[in-house]
Every structure is written in C-alpha cells, then in structure tokens.
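Working notes, beginning with the structure itself.
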Amino acid sequence: MKLNRRLFMGTTVAAAASLSAPMVLSASGKPRVVVVGGGAGGATAARYIAKGSKGAIDVTLIEPTRTYYTCFFSNLYIGGLRDFSSLGHTYGKLAADYGINVVHDWAIGVDRDAKTVMLAGGDKIPYDRLILSPGIDFVDGAVEGWDVSAQNKMPHAFKAGSQTQLLKAQIEAMPQGGTFAMVAPPNPFRCPPGPYERVSMIAHVLKQKNPTAKILIADPKPKFSKMALFQDGWAEHYEGMIDWVGPDFGGDLVSVNPDEMTLTIDGEVNKVDVCNVIPAMKAGRIAEIAGVTNDKGWAPVNAIDMSSKMDANIYVLGDSAQQGDMPKSGFSANSQAKVCANAVRGSLTGSKVFPAKFSNTCWSLIDTNDGVKVGATYQATDEKIAKIEGFVSKVGESAETRQTTYEESVGWYSGITADMFG
Amino acid sequence: MLGKHILVIMAVACPSYAFAGAAERGEMVFKKCRSCHEVGTFAKAKVGPPLNDLIGRVAGSHANVKYSKAMVAAGKDGLVWTEEVLDQYLTRPRDIVPKTNMTFRGLKKPEDRADVIAYLKTFLSDEIIVSASNDPDVSPDILTIAGDPEYGEYLSGTCVTCHQVDGTDQGLPSITGWPQSSFVTVLHAYKTKHRENPVMQQFAGALSNDEIAALAAYFQSVP
C-alpha cells in the first residue's frame, strides 16, 4: 500500500493530531460534513457519503422542508398525469437507515474562517467540508413589474410545492377561451426543457377542459432545448393553441402588471387570465451569502470534484454550480453529487478516489405517452465539465418509441428518488 | 403430485410441444388474478404483490406489501417461488401456506397453471434483458477481464439513477445479480450500438472494457 499523506491522516488518528495541517477530526473523532439543501444534489451527496463511509464521517443535512416536492415531474402533476403526493418525499430513511443528522431549518450564514453554518433557529453547525446544493433563486428585477411579492398573482412554480398547486388551480379556473401566458427565462436556468414541457402539459389540460383557450409564450431566447421536438409536437397535438414569441418579435422586451393581469410584449398590452412568470435565475442565496458566487450569480467549481474555486473546503452541486456543459437538471445534480461524495470521502478518510464521470438525461412529456429525451456524457477537464457525446430524440419517431421513452422516464423517477432518499 | 410436475416441466422445456403458446393462454388465465395482482411495466402492489420477477423470489419478501404473518414466516423458512412450488401453490394455496391471505381457491387444471406460470415468466427481467442471443459475441479477452468491484460500485452511481439497486423494477429492468458474462455482453451491445436505447448507448459508450468488467463484477455481487 502506498502511504501518501492523505491516507496517513485518514488512517492514523493519533499521528494526525500531531500534524500541523488543519484538523479534519471533530471532538467525536469523526470528520464532519454539512450538506445544505436536500434535493437531487444534497440528499444524494449526504446519502453516498454516509453510506460509503459506513459511519466514519458525521453527516448533517440541512433542509427547511420536511416533505420535499421534486421540481422534476411537477409538470406532469399540472397536466393531471400524476398526483401531487407522488412528488413528495421525506427524509426518514436518510436519518434512520444511514445515520444522517437531518436538520429542518434554514441555513442563513456561513463563517468560512470558523467553518460553521448558522441556522435561522440560532444554532451553529461546525464542518470540515461543506456541501452547498441550494438550487436556484431569482434575479431581482429580472422581469419588469414582477417580484416575489407578486408570486401569488403570477406564480413562478419553479420551486415545487404550493406554487405548483397554485398554478394548476389557476389554469383549471381559467374562463373558457381565456389566455395562459408564460414569461420564459433567459439562459442559464433550471431544467432547460421545463418551461416547454410545462406548456405542453397545460395545453393537454386545456385541450380537454377549455379547448378554445390560448397559450402565449414570451421568450427572450431565439431557441430552446428540444425546440424542434416541442414545436412539432405542439403542431400535432395542440394545433393553433400555442403562440411562441421569440426575441425577433419582442419576446425579450417584456413587462407585467400583476394587479391588472397584463403582459406587455414590445409595447403591446395583452390581457391574460394566468401568467406564469419564470424570471432569470441565480444560485440559491446561501451560496451568495457564503461568498462562493461570481458576478453572474453562480458558483464556479472545479470539474474534478465540484469543489468551489473560492474555498477548497466548500463544494457546490447542482443548479447553483457553474461547472461547464451540464444542464441544470436533477439528473445532473445527482450525477455531480456522486463524484463529489467520492472526493469528499477520499479527502477526509483516505478512501480511494476514482476519476470523475458525469452523465445526464432529461425526459419531457409532450402529450400522454408522447415522451422525448435528450442526454449526454461528460468528463472533467482542467477548465470545466466538458461534454463527450450526446443524443436527442428525433422528430417523427413512432408512437411506440415515444411511449417507451415516457415509460423509461417513469422508471427513472422511481430510480432517482430512491437514490436520493434511500 | 409427480404427474403435475412432469406436465409443468414439459410445458416449460418444450413450449412447441404439449403447450405451445402457453404464455398467451396464461394471459387469459391471469385475469382471475388481476383483482389482487398486477404484472408488467407499471405493476404496483395491490392487495397482493406485483408479480414481475416472481420466479425465484422468496415468499413474502416484496417491499410495500402487507403479507400475512404466515407468508412472511414461510419465506423465512425457505419457501421460494420456483416453478414447481408455484404449481403446487396455485393448485390449492392453503395446502402450501395454510394461513395465507390469498383467498383464491386454486387452479384445478394443470394446463391452466402451466400457462399462467409461462405467462409470468415473460415478466422476468433476466428473460427480457439477458436473452442476449441477438447480441454480438464479445471476445474471450474482454469477457475474462477481472473487474474491480470497488471501482464498479463507484461507477454504478450512474446506473442507479435509473435502475434501482435493490432490484425493484418500476418501469426499468433490474440489473442486479446478473451473471458477469451476460452483463458484459449486453453493455458491449449498447457500446457498439447493436442495442438501440440512446441513453444506454451513450453511457456504455463512455465506458472502457475494464470499466464494464468492474460494473459486471459489482452488480453480480448485489443480491
């Protein structure tokens, strides 16, 4: 066995104590990992570190909600193809089966010198390694006329939970022949096909309940994920219902008035019945508070292990991370979490660190049993997480292929949630 | 009893002989089971357990099912749903597990039992996936690579985002407990794009021969 310093520290407690290097041992004799955020990145990282270290690392998971509702598949709930309760997951197994200390509270501060996380409840939690996986927040003033105080009139529904339920209720209460409007976000944002799958699912509902209704999308982007597949599917399933306004027609020049329920596109005022405003996004606030974000609002990380470029003891996963080529998806966050967990274990206990490998697949549903997908594999380079090879579903595939793709996505949902929550 | 066994074994071993098309007829027989059991891609636990991957399963062992104490105890005592045991059980369930919750009286006709067992066999993930006969042969040099199961466990992180590590099949096949040679053959069939699923093609395409061997070694060791 090669005795390098990391292994030496991890396996020889007494000797490690005499080293001048920073201690990675707590009073209990175990190194401590604190994970902020219990979604696809954080829950997975906590579980893999606890599982892999077999009790050798103290793992604390900080997540405000007791029941976590996944953003992925929430569009299927809006479309009436899934129960709301099927999106909800709890942390009981992570605590009971993996010994993870699950704390339901908000992380409101990080002291990087003292290496502690401050909680809204007043506690301070010490860490040797901190993993931030806080998802997204919205950029203030991104859509003129909208801020979070307007989210009940014009929901974003891009953090799943009561916002998702609200949006669904509003759509179902639309007057016959009414208008649903969406303000789509600029890049980069959580779940690139998400807004367009949502439009598909809303069209699916309206086609049954409100077939003369219209859907209006104002989009600042000239193109979007799986654009050809969505537009082909919309023409096939929802002919004449969906109007997509890109930047060539002022989709980037948008303001809203939540009190009047109007959406103004390039000076033209549209009276709408439901307005789903999905603003520009940035890293979840705790990443900014911790000082690991850049001027673009995202947290730059090293591709090899997801460590922050600003602080070697902090790692950032999922939507918040600026890592290179991977889309901001639950699948990506889950994939990054496993690379990170392997590296964190290695740095704390000397366990073997294997090379970083990443992958992603994003499934979207256009109509019942009409599923499409896009995916790729990725590798770590010095500069970023770089795409190796990818694929995307094709226009004109058979109904059987599309149904198989949908069924595959259902299997994936069961798989990834089992992988996150145990 | 012995006569019944012989009938079943014939039906299984020689589908073109005595009971050709048994699985299709079994689908009709299975209608009697449907009020309590689901089988297929989206099969869930109802009153009774879903019956995907039933053959070889320990009795009373499916998660999410409220079994009778008797059934759980029978499983702990070693009752496994082999084809022979199923044939006996389906004749008169309470002869085999006297206090089972299953109120179904039984299938008197041996051919009905053989048919329904043949039908259930079409829902074995090994049958679906490891029927690797159409896959190109993998050279012995590759098949005999000794995989590192520790590396395989790390790499398996990518697989278990979709395929559940406890072997549960909820729309995607179980990949645990396969013979290594089948696992390697199937992954190479994806890598060389002989198998079609693009998700699997890209994942397998990013794996070296050693990495495929490592995964095969790891997943074979998962019960």
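Letters A, B, ... go to the chains of the structure tokens in the order shown; residues in each chain start at 1; ligands are counted from 1 in the same order.
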Next on the checklist: DSSP on the backbone: which residues in segment 179-351 of chain A end up as strand (DSSP E)? Give the answer as a VMD selection string.
Outcome noted: chain A and resid 179 to 183 214 to 218 242 to 245 254 to 257 262 to 265 268 to 271 274 to 277 281 to 283 299 to 300 314 to 316 321 to 322
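Within the 8 Å cut-off around Glu150 of chain B, using only C-alpha atoms and omitting residues fewer than 4 positions from it on the same chain, the listed residues are Tyr154, Ala214 and Tyr218 of chain B.
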Could you give me, as a CSV table (one decimal) with N, CA and C atoms, in the first residue's frame, each residue of segment 58-177 of chain B that DSSP assigns to alpha helix (DSSP H) when run on this structure's backbone?
chain,number,residue,atom,x,y,z
B,69,LYS,N,-48.8,-13.0,8.3
B,69,LYS,CA,-47.6,-13.5,9.1
B,69,LYS,C,-47.1,-14.8,8.6
B,70,ALA,N,-48.1,-15.6,8.2
B,70,ALA,CA,-47.8,-17.0,7.7
B,70,ALA,C,-46.9,-17.0,6.5
B,71,MET,N,-47.2,-16.0,5.6
B,71,MET,CA,-46.4,-15.9,4.3
B,71,MET,C,-45.0,-15.5,4.6
B,72,VAL,N,-44.9,-14.5,5.5
B,72,VAL,CA,-43.5,-14.0,5.8
B,72,VAL,C,-42.7,-15.1,6.5
B,73,ALA,N,-43.4,-15.8,7.4
B,73,ALA,CA,-42.7,-16.9,8.1
B,73,ALA,C,-42.3,-18.0,7.1
B,74,ALA,N,-43.2,-18.3,6.1
B,74,ALA,CA,-42.9,-19.4,5.2
B,74,ALA,C,-41.6,-19.0,4.4
B,75,GLY,N,-41.5,-17.7,4.0
B,75,GLY,CA,-40.4,-17.2,3.3
B,75,GLY,C,-39.1,-17.3,4.1
B,76,LYS,N,-39.2,-17.0,5.4
B,76,LYS,CA,-38.1,-17.1,6.3
B,76,LYS,C,-37.6,-18.6,6.5
B,83,GLU,N,-40.8,-22.6,-10.2
B,83,GLU,CA,-41.9,-23.0,-11.0
B,83,GLU,C,-42.7,-24.2,-10.3
B,84,GLU,N,-41.9,-25.1,-9.7
B,84,GLU,CA,-42.6,-26.3,-9.1
B,84,GLU,C,-43.4,-25.9,-7.9
B,85,VAL,N,-42.8,-25.0,-7.1
B,85,VAL,CA,-43.6,-24.6,-5.9
B,85,VAL,C,-44.8,-23.8,-6.3
B,86,LEU,N,-44.7,-23.0,-7.3
B,86,LEU,CA,-45.8,-22.2,-7.8
B,86,LEU,C,-46.9,-23.1,-8.2
B,87,ASP,N,-46.5,-24.2,-9.0
B,87,ASP,CA,-47.5,-25.1,-9.5
B,87,ASP,C,-48.3,-25.7,-8.3
B,88,GLN,N,-47.6,-26.1,-7.3
B,88,GLN,CA,-48.2,-26.7,-6.1
B,88,GLN,C,-49.1,-25.7,-5.4
B,89,TYR,N,-48.6,-24.5,-5.3
B,89,TYR,CA,-49.3,-23.4,-4.5
B,89,TYR,C,-50.6,-23.1,-5.3
B,90,LEU,N,-50.5,-22.9,-6.6
B,90,LEU,CA,-51.6,-22.5,-7.4
B,90,LEU,C,-52.7,-23.6,-7.4
B,91,THR,N,-52.3,-24.8,-7.1
B,91,THR,CA,-53.3,-25.9,-7.1
B,91,THR,C,-54.3,-25.7,-6.0
B,93,PRO,N,-53.8,-22.9,-2.8
B,93,PRO,CA,-52.8,-22.1,-2.0
B,93,PRO,C,-52.8,-22.6,-0.5
B,94,ARG,N,-53.9,-22.9,0.1
B,94,ARG,CA,-53.9,-23.1,1.5
B,94,ARG,C,-53.3,-24.5,1.9
B,95,ASP,N,-53.1,-25.3,0.9
B,95,ASP,CA,-52.3,-26.6,1.1
B,95,ASP,C,-50.9,-26.3,1.4
B,96,ILE,N,-50.4,-25.2,0.8
B,96,ILE,CA,-48.9,-24.9,0.9
B,96,ILE,C,-48.7,-23.9,2.1
B,110,PRO,N,-54.1,-28.6,-14.6
B,110,PRO,CA,-52.7,-28.4,-14.7
B,110,PRO,C,-52.2,-27.5,-15.8
B,111,GLU,N,-53.0,-27.6,-16.9
B,111,GLU,CA,-52.6,-26.7,-18.1
B,111,GLU,C,-52.8,-25.3,-17.8
B,112,ASP,N,-53.8,-24.9,-17.0
B,112,ASP,CA,-54.0,-23.5,-16.6
B,112,ASP,C,-52.8,-23.1,-15.8
B,113,ARG,N,-52.4,-23.9,-14.9
B,113,ARG,CA,-51.3,-23.5,-14.0
B,113,ARG,C,-50.0,-23.3,-14.9
B,114,ALA,N,-49.8,-24.3,-15.8
B,114,ALA,CA,-48.6,-24.2,-16.6
B,114,ALA,C,-48.7,-22.9,-17.5
B,115,ASP,N,-49.9,-22.6,-18.0
B,115,ASP,CA,-50.0,-21.4,-18.8
B,115,ASP,C,-49.7,-20.2,-18.1
B,116,VAL,N,-50.3,-20.1,-16.9
B,116,VAL,CA,-50.1,-18.8,-16.1
B,116,VAL,C,-48.7,-18.7,-15.7
B,117,ILE,N,-48.0,-19.8,-15.4
B,117,ILE,CA,-46.6,-19.7,-15.0
B,117,ILE,C,-45.8,-19.3,-16.2
B,118,ALA,N,-46.1,-19.8,-17.3
B,118,ALA,CA,-45.4,-19.4,-18.5
B,118,ALA,C,-45.6,-17.9,-18.8
B,119,TYR,N,-46.8,-17.5,-18.6
B,119,TYR,CA,-47.1,-16.0,-18.7
B,119,TYR,C,-46.2,-15.2,-17.8
B,120,LEU,N,-46.2,-15.6,-16.5
B,120,LEU,CA,-45.4,-14.8,-15.5
B,120,LEU,C,-43.9,-14.8,-15.9
B,121,LYS,N,-43.5,-15.9,-16.5
B,121,LYS,CA,-42.1,-16.0,-16.9
B,121,LYS,C,-41.7,-14.9,-17.9
B,125,SER,N,-37.0,-10.0,-15.6
B,125,SER,CA,-36.1,-9.1,-16.3
B,125,SER,C,-35.0,-9.8,-16.9
B,126,ASP,N,-34.5,-10.9,-16.2
B,126,ASP,CA,-33.4,-11.6,-16.8
B,126,ASP,C,-33.8,-12.2,-18.2
B,127,GLU,N,-35.1,-12.6,-18.3
B,127,GLU,CA,-35.5,-13.2,-19.6
B,127,GLU,C,-35.5,-12.1,-20.6
B,128,ILE,N,-36.0,-10.9,-20.2
B,128,ILE,CA,-36.1,-9.8,-21.2
B,128,ILE,C,-34.7,-9.3,-21.6
B,129,ILE,N,-33.9,-9.1,-20.6
B,129,ILE,CA,-32.6,-8.5,-20.9
B,129,ILE,C,-31.5,-9.4,-21.3
B,140,PRO,N,-13.3,-13.4,-26.0
B,140,PRO,CA,-12.9,-14.0,-24.7
B,140,PRO,C,-12.0,-13.1,-23.9
B,141,ASP,N,-11.1,-12.4,-24.6
B,141,ASP,CA,-10.2,-11.4,-23.9
B,141,ASP,C,-11.0,-10.4,-23.0
B,142,ILE,N,-12.1,-10.0,-23.6
B,142,ILE,CA,-12.9,-9.0,-22.9
B,142,ILE,C,-13.8,-9.6,-21.8
B,143,LEU,N,-14.3,-10.8,-22.2
B,143,LEU,CA,-15.2,-11.5,-21.2
B,143,LEU,C,-14.4,-11.9,-20.0
B,149,PRO,N,-14.6,-4.7,-8.3
B,149,PRO,CA,-15.9,-4.4,-7.8
B,149,PRO,C,-16.0,-3.1,-7.0
B,150,GLU,N,-14.9,-2.6,-6.4
B,150,GLU,CA,-14.9,-1.3,-5.7
B,150,GLU,C,-15.1,-0.2,-6.7
B,151,TYR,N,-14.3,-0.3,-7.8
B,151,TYR,CA,-14.5,0.7,-8.9
B,151,TYR,C,-15.9,0.6,-9.5
B,152,GLY,N,-16.4,-0.7,-9.6
B,152,GLY,CA,-17.7,-0.9,-10.2
B,152,GLY,C,-18.8,-0.2,-9.3
B,153,GLU,N,-18.6,-0.3,-8.0
B,153,GLU,CA,-19.6,0.3,-7.1
B,153,GLU,C,-19.6,1.8,-7.3
B,154,TYR,N,-18.5,2.4,-7.5
B,154,TYR,CA,-18.4,3.9,-7.8
B,154,TYR,C,-19.1,4.2,-9.1
B,155,LEU,N,-18.7,3.4,-10.1
B,155,LEU,CA,-19.3,3.6,-11.4
B,155,LEU,C,-20.8,3.4,-11.4
B,156,SER,N,-21.3,2.5,-10.6
B,156,SER,CA,-22.7,2.1,-10.6
B,156,SER,C,-23.6,3.3,-10.2
B,157,GLY,N,-23.0,4.3,-9.6
B,157,GLY,CA,-23.7,5.6,-9.3
B,157,GLY,C,-24.5,6.0,-10.5
B,158,THR,N,-23.9,5.9,-11.7
B,158,THR,CA,-24.6,6.4,-12.9
B,158,THR,C,-25.8,5.5,-13.2
B,159,CYS,N,-25.7,4.2,-13.0
B,159,CYS,CA,-26.7,3.2,-13.3
B,159,CYS,C,-27.9,3.4,-12.4
Item to check | Atomic distance atom CA of Gln170 of chain A - atom CA of Leu206 of chain A, expressed in Å with one decimal | outcome: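 These atoms are spaced 11.8 Å apart.
Checking B:Gly40, B:Pro179, B:Gly78, B:Gly26 one by one against chain A, counting only C-alpha atoms, you find the shortest gap at B:Gly40.
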Next on the checklist: What are the residues of chain A lining chain B at 7 Å or less? Count only C-alpha atoms, and put the answer as an MDAnalysis selection string.
Outcome noted: chainID A and resid 335 338 375:377 389:391 407:408 410:412 414:416 419
Applying 10 Å and only C-alpha atoms, which residues near Lys214 of chain A remain after dropping the ones on its own chain fewer than 3 positions away? List them as a JSON list (two decimals) with N, CA, C and O atoms, in the first residue's frame.
[["chain", "number", "residue", "atom", "x", "y", "z"],
["A", 176, "GLN", "N", -63.53, 30.05, -20.15],
["A", 176, "GLN", "CA", -63.49, 29.43, -21.48],
["A", 176, "GLN", "C", -62.93, 30.44, -22.48],
["A", 176, "GLN", "O", -63.32, 31.61, -22.50],
["A", 177, "GLY", "N", -62.00, 29.96, -23.28],
["A", 177, "GLY", "CA", -61.41, 30.84, -24.29],
["A", 177, "GLY", "C", -60.39, 31.82, -23.74],
["A", 177, "GLY", "O", -59.95, 32.74, -24.45],
["A", 178, "GLY", "N", -60.02, 31.66, -22.48],
["A", 178, "GLY", "CA", -59.07, 32.58, -21.84],
["A", 178, "GLY", "C", -57.63, 32.36, -22.32],
["A", 178, "GLY", "O", -57.35, 31.49, -23.16],
["A", 179, "THR", "N", -56.73, 33.17, -21.76],
["A", 179, "THR", "CA", -55.33, 33.12, -22.18],
["A", 179, "THR", "C", -54.41, 32.78, -21.00],
["A", 179, "THR", "O", -54.47, 33.42, -19.96],
["A", 180, "PHE", "N", -53.59, 31.75, -21.23],
["A", 180, "PHE", "CA", -52.49, 31.45, -20.32],
["A", 180, "PHE", "C", -51.22, 32.04, -20.92],
["A", 180, "PHE", "O", -50.93, 31.80, -22.10],
["A", 181, "ALA", "N", -50.48, 32.82, -20.13],
["A", 181, "ALA", "CA", -49.23, 33.39, -20.63],
["A", 181, "ALA", "C", -48.06, 32.88, -19.80],
["A", 181, "ALA", "O", -48.20, 32.63, -18.60],
["A", 203, "ALA", "N", -51.32, 22.70, -22.19],
["A", 203, "ALA", "CA", -52.12, 22.53, -23.41],
["A", 203, "ALA", "C", -52.93, 21.23, -23.34],
["A", 203, "ALA", "O", -54.09, 21.17, -23.77],
["A", 206, "LEU", "N", -55.88, 22.04, -21.15],
["A", 206, "LEU", "CA", -56.82, 22.98, -21.79],
["A", 206, "LEU", "C", -57.55, 22.31, -22.96],
["A", 206, "LEU", "O", -58.75, 22.58, -23.18],
["A", 207, "LYS", "N", -56.86, 21.46, -23.68],
["A", 207, "LYS", "CA", -57.49, 20.79, -24.82],
["A", 207, "LYS", "C", -58.73, 20.01, -24.37],
["A", 207, "LYS", "O", -59.74, 19.94, -25.08],
["A", 210, "ASN", "N", -60.90, 23.21, -21.87],
["A", 210, "ASN", "CA", -61.04, 24.60, -22.29],
["A", 210, "ASN", "C", -60.44, 24.74, -23.68],
["A", 210, "ASN", "O", -59.47, 25.47, -23.89],
["A", 211, "PRO", "N", -61.03, 24.03, -24.66],
["A", 211, "PRO", "CA", -60.34, 23.87, -25.95],
["A", 211, "PRO", "C", -60.19, 25.16, -26.77],
["A", 211, "PRO", "O", -59.37, 25.19, -27.68],
["A", 240, "GLY", "N", -52.81, 25.28, -33.31],
["A", 240, "GLY", "CA", -53.39, 26.63, -33.22],
["A", 240, "GLY", "C", -53.53, 27.17, -31.81],
["A", 240, "GLY", "O", -53.97, 28.31, -31.62],
["A", 241, "MET", "N", -53.16, 26.39, -30.80],
["A", 241, "MET", "CA", -53.37, 26.84, -29.42],
["A", 241, "MET", "C", -52.21, 27.65, -28.88],
["A", 241, "MET", "O", -52.39, 28.56, -28.07],
["A", 242, "ILE", "N", -50.98, 27.32, -29.32],
["A", 242, "ILE", "CA", -49.78, 27.86, -28.69],
["A", 242, "ILE", "C", -49.11, 28.89, -29.60],
["A", 242, "ILE", "O", -48.81, 28.62, -30.76],
["A", 243, "ASP", "N", -48.85, 30.07, -29.02],
["A", 243, "ASP", "CA", -48.18, 31.14, -29.75],
["A", 243, "ASP", "C", -46.87, 31.44, -29.04],
["A", 243, "ASP", "O", -46.86, 31.89, -27.90],
["A", 272, "VAL", "N", -54.37, 38.91, -19.80],
["A", 272, "VAL", "CA", -54.24, 37.46, -19.67],
["A", 272, "VAL", "C", -54.98, 36.97, -18.42],
["A", 272, "VAL", "O", -55.29, 37.76, -17.52]]
Checklist entry - If you count only C-alpha atoms, which residues fall within 9 Å of Ile304 of chain A, apart from same-chain ones fewer than 5 positions away, as a list in words? => result Val339, Cys340, Ala343, Pro355, Ala356, Lys357, Gln379, Ala380, Thr381, Asp382, Lys384 and Ile385 of chain A
List the spatial neighbours of segment 27-39 of chain A as an mmCIF file with C-alpha atoms, in the first residue's frame - criterion: any atom at most 6 Å away, only C-alpha atoms, same-chain residues fewer than 5 positions off excluded.
data_model
loop_
_atom_site.group_PDB
_atom_site.id
_atom_site.type_symbol
_atom_site.label_atom_id
_atom_site.label_comp_id
_atom_site.auth_asym_id
_atom_site.auth_seq_id
_atom_site.Cartn_x
_atom_site.Cartn_y
_atom_site.Cartn_z
ATOM 1 C CA ILE A 57 -17.990 10.583 8.764
ATOM 2 C CA ASP A 58 -20.608 12.623 10.635
ATOM 3 C CA VAL A 59 -23.103 13.843 8.039
ATOM 4 C CA THR A 60 -25.589 16.637 8.736
ATOM 5 C CA LEU A 61 -28.212 17.539 6.140
ATOM 6 C CA ILE A 62 -29.887 20.940 6.474
ATOM 7 C CA GLU A 63 -33.181 21.259 4.610
ATOM 8 C CA TYR A 127 -17.976 21.445 9.427
ATOM 9 C CA ASP A 128 -14.762 20.128 7.954
ATOM 10 C CA ARG A 129 -16.295 20.056 4.486
ATOM 11 C CA LEU A 130 -19.390 21.988 3.475
ATOM 12 C CA ILE A 131 -21.529 20.972 0.504
ATOM 13 C CA LEU A 132 -23.939 23.583 -0.820
ATOM 14 C CA SER A 133 -26.769 22.378 -3.016
ATOM 15 C CA PRO A 134 -29.387 25.088 -2.575
#
